[in-house]
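Trainee: I'd like to ask some things about the structure below.
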Amino acid sequence: MSRMMSKRFAACLLMVWGLAAGGANADETKVRQLLQTKFPTMMVDSVTKAPFAGLYEVVLDGEVVYTNDNVEYFLAGNLYDVRTLPPRNLTQNSAGQTVAKTLNGSLDQALKRVHGNGKRTLYTFEDPNCGYCKQLHRELAKITDVTVYTFLLPILSADSVEKSKAVWCAKDRVKAWDDVMTKAVVANGSRTCDTPIEKNIQLMRRFGIRGTPAIYLANGQQIGGYIPADKIEQALNSAPSK
């Protein structure tokens with residue numbers, strides 16, 4: 001769990017200690033109800049029984065934690081299945097699935113570029129004034145058979161926001177983005193259309209993104225910030241196609 005999320009959970013837990021416990025044999029629905037009661041400002045994404053008795057895996061505001069059936073305790077950390085070789089990180093798998101589901105449900109907030117048959121998928125978060133994002137843009141152009149969804153994340157300056165608005169409001173968003181990233185040419189025209197910038201910032205906070213670029217695979221795994229095309233290819237080849 002990230003340091004930021006740990007602080008959030010700590011703050012929420014301080015408000016929980018005095019609350020009474022729920023029923024002794026809570027099922028997943030009851031656990032969800034208890035969570036929503038005790039953490040009204042946080043989103044309960046999912047509640048599932050862990051592989052062993054008495055523990056539930058909870059995705060709370062995008063973070064995977066574990067709790068008992070009365071939601072009296074939280075355990076944050078990685079849970080491994082050591083019956084397999086190598087051991088399987090169940091927490092990481094669940095976190096990735098949550099990220100992948102969220103990204104796939106937010107495609108209307110992203111620019112879409114299809115290279116070749118587009119059978120593989122990448123998600124990127126980028127700022128138009130980010131130097132490493134511009135380098136990444138050139139590297140992505142070398143990769144074939146991939147669909148790239150780019151979430152505009154103008155966090156560096158007010159100028160970044162204006163450029164992102166110009167791109168999103170352009171008639172041809174993909175061309176406008178290419179022009180900004182490769183030629184430093186900003187599209188003319190209105191910048192007053194509805195943009196997904198605030199929603200993308202919410203995704204940034206949800207995923208704990210601390211800078212741009214940020215790259216995610218189809219399975220929700222983050223593979224870093226700027227990385228060269230050959231390393232992206234290796235990561236794509238290890239991930240499921242869309």
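Just so we're on the same page: first chain in the structure tokens is A, next is B, and so on; residues restart at 1 for each chain, and ligands are numbered from 1 in the order they show up.
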Show me, as a PyMOL selection string, the residues that have an atom within 8 Å of segment 130-138 of chain A when counting only C-alpha atoms, minus same-chain residues fewer than 5 positions from it.
Mentor: chain A and resi 156+181-182+212-213+226-228
Trainee: How would the residues just chosen look if you wrote them out with N, CA, C and O atoms as a PDB file, in the first residue's frame?
Mentor:
```pdb
ATOM      1  N   LEU A 156       1.846  19.622 -14.818  1.00  0.00           N
ATOM      2  CA  LEU A 156       3.089  20.372 -14.686  1.00  0.00           C
ATOM      3  C   LEU A 156       2.883  21.880 -14.606  1.00  0.00           C
ATOM      4  O   LEU A 156       3.652  22.577 -13.941  1.00  0.00           O
ATOM      5  N   MET A 181       3.257  16.886 -29.423  1.00  0.00           N
ATOM      6  CA  MET A 181       4.355  16.082 -28.877  1.00  0.00           C
ATOM      7  C   MET A 181       5.568  15.999 -29.803  1.00  0.00           C
ATOM      8  O   MET A 181       6.692  15.779 -29.338  1.00  0.00           O
ATOM      9  N   THR A 182       5.364  16.165 -31.117  1.00  0.00           N
ATOM     10  CA  THR A 182       6.487  16.021 -32.044  1.00  0.00           C
ATOM     11  C   THR A 182       6.936  17.332 -32.681  1.00  0.00           C
ATOM     12  O   THR A 182       8.088  17.454 -33.094  1.00  0.00           O
ATOM     13  N   THR A 212       4.434  11.925 -14.638  1.00  0.00           N
ATOM     14  CA  THR A 212       4.202  11.451 -15.999  1.00  0.00           C
ATOM     15  C   THR A 212       5.545  11.221 -16.680  1.00  0.00           C
ATOM     16  O   THR A 212       6.535  11.893 -16.354  1.00  0.00           O
ATOM     17  N   PRO A 213       5.575  10.281 -17.643  1.00  0.00           N
ATOM     18  CA  PRO A 213       4.482   9.401 -18.049  1.00  0.00           C
ATOM     19  C   PRO A 213       4.297   8.243 -17.075  1.00  0.00           C
ATOM     20  O   PRO A 213       5.197   7.937 -16.292  1.00  0.00           O
ATOM     21  N   TYR A 226       8.946   6.479 -18.376  1.00  0.00           N
ATOM     22  CA  TYR A 226       9.540   6.359 -19.708  1.00  0.00           C
ATOM     23  C   TYR A 226      10.380   5.096 -19.791  1.00  0.00           C
ATOM     24  O   TYR A 226      11.265   4.855 -18.961  1.00  0.00           O
ATOM     25  N   ILE A 227      10.107   4.262 -20.785  1.00  0.00           N
ATOM     26  CA  ILE A 227      10.944   3.106 -21.095  1.00  0.00           C
ATOM     27  C   ILE A 227      11.014   2.974 -22.611  1.00  0.00           C
ATOM     28  O   ILE A 227      10.073   3.337 -23.320  1.00  0.00           O
ATOM     29  N   PRO A 228      12.124   2.463 -23.148  1.00  0.00           N
ATOM     30  CA  PRO A 228      12.287   2.374 -24.600  1.00  0.00           C
ATOM     31  C   PRO A 228      11.378   1.321 -25.223  1.00  0.00           C
ATOM     32  O   PRO A 228      10.829   0.454 -24.531  1.00  0.00           O
TER      33      PRO A 228
END
```
Trainee: Which of segment 17-232 of chain A counts as strand (DSSP E or B) under DSSP, as a ChimeraX atom specification please?
Mentor: /A:44-49,56-60,63-67,74-75,80-81,88-89,110-115,120-126,146-152,214-217,222-224
Trainee: Counting only C-alpha atoms, give me one row per residue of segment 132-230 of chain A with an atom at most 12 Å from an atom of segment 54-66 of chain A, showing the shortest contact pair and its distance in Å to one decimal, sorted by chain then residue number, as a tab-separated table.
Mentor:
```
residue	atom	partner	partner_atom	distance
A:Gln202	CA	A:Asp61	CA	11.0
A:Leu203	CA	A:Gly62	CA	9.7
A:Met204	CA	A:Gly62	CA	11.1
A:Arg205	CA	A:Gly62	CA	9.7
A:Arg206	CA	A:Gly62	CA	6.1
A:Phe207	CA	A:Gly62	CA	6.9
A:Gly208	CA	A:Gly62	CA	9.4
A:Gly220	CA	A:Gly62	CA	11.7
```
Trainee: Go ahead and write the selection's residues with N, CA, C and O atoms as a compact mmCIF listing (two decimals), in the first residue's frame.
Mentor:
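Result written to again_36.txt:
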```
# COMPACT_ATOMS: atom_id res chain seq x y z
N GLN A 202 -8.47 12.36 -11.06
CA GLN A 202 -9.03 11.45 -10.06
C GLN A 202 -8.43 10.05 -10.23
O GLN A 202 -8.14 9.36 -9.24
N LEU A 203 -8.27 9.61 -11.48
CA LEU A 203 -7.61 8.32 -11.72
C LEU A 203 -6.17 8.34 -11.21
O LEU A 203 -5.70 7.36 -10.63
N MET A 204 -5.48 9.44 -11.44
CA MET A 204 -4.11 9.58 -10.96
C MET A 204 -4.05 9.37 -9.45
O MET A 204 -3.20 8.61 -8.95
N ARG A 205 -4.95 10.01 -8.73
CA ARG A 205 -4.97 9.88 -7.28
C ARG A 205 -5.35 8.46 -6.87
O ARG A 205 -4.79 7.91 -5.92
N ARG A 206 -6.29 7.89 -7.58
CA ARG A 206 -6.76 6.53 -7.26
C ARG A 206 -5.63 5.51 -7.43
O ARG A 206 -5.48 4.60 -6.61
N PHE A 207 -4.83 5.68 -8.47
CA PHE A 207 -3.76 4.73 -8.75
C PHE A 207 -2.45 5.10 -8.07
O PHE A 207 -1.48 4.34 -8.14
N GLY A 208 -2.40 6.26 -7.42
CA GLY A 208 -1.17 6.67 -6.77
C GLY A 208 -0.09 7.10 -7.74
O GLY A 208 1.11 6.99 -7.44
N GLY A 220 -3.51 -4.37 -16.14
CA GLY A 220 -3.48 -3.42 -15.04
C GLY A 220 -2.13 -3.24 -14.40
O GLY A 220 -1.99 -2.45 -13.46
```
Trainee: Residues at most 8 Å from Tyr149 of chain A, counting only C-alpha atoms, excluding those fewer than 6 positions away in the same chain, as a list of chain:residue names?
Mentor: A:Leu107, A:Ala110, A:Leu111, A:Lys112, A:Arg113, A:Thr121, A:Leu122, A:Tyr123, A:Thr124
Trainee: Report, in Å with one decimal, the straight-line distance from atom CA of Gly189 of chain A to atom CA of Phe125 of chain A.
Mentor: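 These atoms are spaced 23.9 Å apart.
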